[in-house]
Amino acid sequence: MERLSADDDLGVRVLLAQNHPHASASLPLGSFLEYHGHQRVHLTTRPNFPTTGLAAFADHEDPEARALTARAPHTAPAVVEHLTHDPDPAVRAALARHPNLPPTRLTELLDDEELAHEAAANPALNLDVLHGMVAAGGRRDRGA
């Protein structure tokens, strides 16, 4: 495995990252960053795909790399909020669901036509607001 994970052929490294249960965390992450082909996103589902340090990709040129930030549970609230303003809709949607999204921004996103659905799925959403939305037929009760 060590020799193959250092192979010059990206295809070899990607296949190893996709299929070897004991691949180091750097292999699926590195493969994800280099590979832009079919089923790239499946690399993030590998057991050893990292969940720490991903905020380092918040300013990456690739939107899919920026979206990795949503997979890191300890991403700073300011970074999460910043990425809800990202030019890419998939990045905005991924970060609207992040539990570290500041409550004021989360509340704003409930009124955002594009991101309301993702914001309503955010685990940090206040239960009173959520119950108000259910009672209002999916719309936010601004009195809550």
# chains A, B, ... in the order shown; residues from 1 in each chain; ligands from 1
>>> residues_around(residues="Arg66 of chain A", least_positions_apart="5", cutoff="6 Å", atoms="only C-alpha atoms", output="number ranges by chain")
A: 57-58, 60
>>> residues_around(residues="His42 of chain A", least_positions_apart="3", cutoff="12 Å", atoms="only C-alpha atoms", output="number ranges by chain")
A: 14-15, 17-19, 28-29, 31-32, 35-39, 45-47, 49
>>> residues_around(residues="Ala67 of chain A", least_positions_apart="6", cutoff="9 Å", atoms="only C-alpha atoms", output="compact mmCIF listing (two decimals) with N, CA and C atoms, in the first residue's frame")
# COMPACT_ATOMS: atom_id res chain seq x y z
N PHE A 57 -9.26 24.76 3.41
CA PHE A 57 -9.67 24.83 2.01
C PHE A 57 -10.77 25.87 1.78
N ALA A 58 -11.07 26.69 2.78
CA ALA A 58 -12.15 27.68 2.68
C ALA A 58 -11.94 28.67 1.54
N LEU A 83 -18.60 31.33 4.16
CA LEU A 83 -18.88 30.44 3.04
C LEU A 83 -20.36 30.36 2.68
N ALA A 90 -23.54 25.27 -4.38
CA ALA A 90 -23.34 24.04 -3.62
C ALA A 90 -22.55 24.31 -2.34
N VAL A 91 -21.61 25.22 -2.40
CA VAL A 91 -20.84 25.59 -1.20
C VAL A 91 -21.77 26.27 -0.21
N ARG A 92 -22.57 27.22 -0.69
CA ARG A 92 -23.50 27.92 0.20
C ARG A 92 -24.45 26.93 0.87
N ALA A 93 -24.97 25.99 0.09
CA ALA A 93 -25.92 25.01 0.63
C ALA A 93 -25.26 24.12 1.68
N ALA A 94 -24.05 23.66 1.41
CA ALA A 94 -23.35 22.78 2.36
C ALA A 94 -23.11 23.49 3.69
N LEU A 95 -22.72 24.74 3.63
CA LEU A 95 -22.40 25.47 4.86
C LEU A 95 -23.65 25.97 5.58
>>> residues_around(residues="Thr75 of chain A", least_positions_apart="3", cutoff="10 Å", atoms="only C-alpha atoms", output="PyMOL selection string")
chain A and resi 51-56+58+69-72+78-80+98-101
>>> residues_around(residues="Asn48 of chain A", least_positions_apart="5", cutoff="8 Å", atoms="only C-alpha atoms", output="list in words")
Pro21, His22, Ala23, Ser24, Ala25 and Pro28 of chain A
>>> write_last_selection(atoms="all heavy atoms", output="PDB file, in the first residue's frame")
ATOM      1  N   PRO A  21      -9.235  -0.246   2.650  1.00  0.00           N
ATOM      2  CA  PRO A  21      -9.840   0.182   3.917  1.00  0.00           C
ATOM      3  C   PRO A  21      -8.857   0.815   4.893  1.00  0.00           C
ATOM      4  O   PRO A  21      -9.273   1.487   5.840  1.00  0.00           O
ATOM      5  CB  PRO A  21     -10.412  -1.114   4.490  1.00  0.00           C
ATOM      6  CG  PRO A  21      -9.611  -2.207   3.869  1.00  0.00           C
ATOM      7  CD  PRO A  21      -9.218  -1.693   2.508  1.00  0.00           C
ATOM      8  N   HIS A  22      -7.571   0.648   4.668  1.00  0.00           N
ATOM      9  CA  HIS A  22      -6.592   1.192   5.608  1.00  0.00           C
ATOM     10  C   HIS A  22      -5.745   2.305   4.999  1.00  0.00           C
ATOM     11  O   HIS A  22      -4.649   2.583   5.489  1.00  0.00           O
ATOM     12  CB  HIS A  22      -5.691   0.069   6.135  1.00  0.00           C
ATOM     13  CG  HIS A  22      -6.464  -1.024   6.794  1.00  0.00           C
ATOM     14  ND1 HIS A  22      -7.168  -0.841   7.964  1.00  0.00           N
ATOM     15  CD2 HIS A  22      -6.675  -2.299   6.430  1.00  0.00           C
ATOM     16  CE1 HIS A  22      -7.765  -1.957   8.294  1.00  0.00           C
ATOM     17  NE2 HIS A  22      -7.493  -2.871   7.375  1.00  0.00           N
ATOM     18  N   ALA A  23      -6.265   2.948   3.973  1.00  0.00           N
ATOM     19  CA  ALA A  23      -5.536   4.058   3.363  1.00  0.00           C
ATOM     20  C   ALA A  23      -5.408   5.184   4.386  1.00  0.00           C
ATOM     21  O   ALA A  23      -6.346   5.468   5.131  1.00  0.00           O
ATOM     22  CB  ALA A  23      -6.281   4.554   2.129  1.00  0.00           C
ATOM     23  N   SER A  24      -4.253   5.812   4.419  1.00  0.00           N
ATOM     24  CA  SER A  24      -4.058   6.926   5.350  1.00  0.00           C
ATOM     25  C   SER A  24      -4.987   8.071   4.957  1.00  0.00           C
ATOM     26  O   SER A  24      -5.416   8.183   3.807  1.00  0.00           O
ATOM     27  CB  SER A  24      -2.608   7.399   5.308  1.00  0.00           C
ATOM     28  OG  SER A  24      -2.338   7.979   4.047  1.00  0.00           O
ATOM     29  N   ALA A  25      -5.282   8.954   5.902  1.00  0.00           N
ATOM     30  CA  ALA A  25      -6.187  10.083   5.648  1.00  0.00           C
ATOM     31  C   ALA A  25      -5.678  10.977   4.524  1.00  0.00           C
ATOM     32  O   ALA A  25      -6.473  11.567   3.788  1.00  0.00           O
ATOM     33  CB  ALA A  25      -6.381  10.894   6.923  1.00  0.00           C
ATOM     34  N   PRO A  28      -6.982   9.682   0.571  1.00  0.00           N
ATOM     35  CA  PRO A  28      -8.260  10.091  -0.029  1.00  0.00           C
ATOM     36  C   PRO A  28      -8.383  11.609  -0.165  1.00  0.00           C
ATOM     37  O   PRO A  28      -8.935  12.099  -1.152  1.00  0.00           O
ATOM     38  CB  PRO A  28      -9.325   9.512   0.898  1.00  0.00           C
ATOM     39  CG  PRO A  28      -8.627   9.070   2.118  1.00  0.00           C
ATOM     40  CD  PRO A  28      -7.171   8.922   1.792  1.00  0.00           C
TER      41      PRO A  28
END
>>> residues_around(residues="Arg105 of chain A", least_positions_apart="2", cutoff="12 Å", atoms="only C-alpha atoms", output="PyMOL selection string")
chain A and resi 77-78+80-85+95-103+107-112+115-116+119+122+124-125
>>> atom_distance(atom1="atom CA of Asp8 of chain A", atom2="atom CA of Glu34 of chain A")
12.1 Å
>>> select_by_dssp(residues="segment 14-142 of chain A", states="helix (DSSP H, G or I)", output="VMD selection string")
chain A and resid 14 to 19 26 to 34 40 to 45 54 to 57 63 to 71 77 to 83 89 to 96 103 to 110 116 to 120 127 to 135
>>> atom_distance(atom1="atom CA of Pro87 of chain A", atom2="atom CA of Glu118 of chain A")
16.4 Å
